[in-house]
Amino acid sequence: MKNDMSYILQTPEECLLHAKIMAGRGQSDLAGAAYKRAFHLMAAKSGVSSEVERECWAGIHAYEHAKAERLGRKNYTATRIRPMIKHWGIKKTIERTVRRKGNSVGYRDAIALGLKDMTFEAIVLRHPKEFSAEAVAISKDVQAPH
């Protein structure tokens with residue numbers, strides 16, 4: 001039997017609740033799995049067809065959740081990133097964000113929640129052909145110390 005209950009959680013809300021419970025019990029691996037499932041379920045509703053774009057949307061949801069946690073809020077909307085997505089599209093926005101160089105507060109927030117593989121840099125590294133060589137190089141540099 002799997003030691004990861006996230007596979008039976010059907011909605012993002014169930015996943016987030018489960019994640020909070022597991023984090024409160026000190027089970028960060030189960031909390032992380034539930035968080036990831038929640039963000040992937042949210043991304044599935046975005047209506048995009050490509051895997052990389054779904055991962056980008058999951059990364060946006062992870063970023064927003066991590067920031068809300070740090071600020072002590074129930075919700076947070078990425079008010080600068082979401083308009084960029086409308087203007088340039090999701091992949092170009094991720095590219096531009098990564099190319100700003102250096103790990104941002106949002107990156108550190110995601111790391112603190114155990115969501116390193118959902119950061120924009122991790123997405124770029126999983127799909128290097130979808131992004132510029134510069135974005136890939138910067139992502140490698142940012143992820144290296146962690």
# chains A, B, ... in the order shown; residues from 1 in each chain; ligands from 1
call {"tool": "closest_atom_pairs", "arguments": {"of": "stretch 126-145 of chain A", "to": "stretch 96-114 of chain A", "cutoff": "7 Å", "atoms": "only C-alpha atoms", "output": "tab-separated table"}}
result
residue	atom	partner	partner_atom	distance
A:Ala135	CA	A:Arg99	CA	5.5
A:Ile138	CA	A:Lys101	CA	6.4
A:Ser139	CA	A:Val98	CA	6.8
A:Val142	CA	A:Asn103	CA	6.0
call {"tool": "select_by_dssp", "arguments": {"residues": "stretch 17-65 of chain A", "states": "helix (DSSP H, G or I)", "output": "PyMOL selection string"}}
result
chain A and resi 17-24+28-44+51-65
call {"tool": "residues_around", "arguments": {"residues": "A:Lys36", "least_positions_apart": "5", "cutoff": "12 Å", "atoms": "only C-alpha atoms", "output": "number ranges by chain"}}
result
A: 4, 6-7, 9, 11-12, 15-16, 18-19, 28-31, 41-43, 55, 57-63, 65-66, 110, 113-119
call {"tool": "residues_around", "arguments": {"residues": "A:Val124", "least_positions_apart": "2", "cutoff": "10 Å", "atoms": "only C-alpha atoms", "output": "ChimeraX atom specification"}}
result
/A:52,55-56,91,94-95,98,119-122,126-133,135-140
call {"tool": "atom_distance", "arguments": {"atom1": "atom CA of A:Trp88", "atom2": "atom CA of A:Tyr35"}}
result
27.3 Å
call {"tool": "atom_distance", "arguments": {"atom1": "atom CA of A:Pro83", "atom2": "atom CA of A:Leu71"}}
result
21.2 Å
call {"tool": "atom_distance", "arguments": {"atom1": "atom CA of A:Lys67", "atom2": "atom CA of A:Arg80"}}
result
13.1 Å
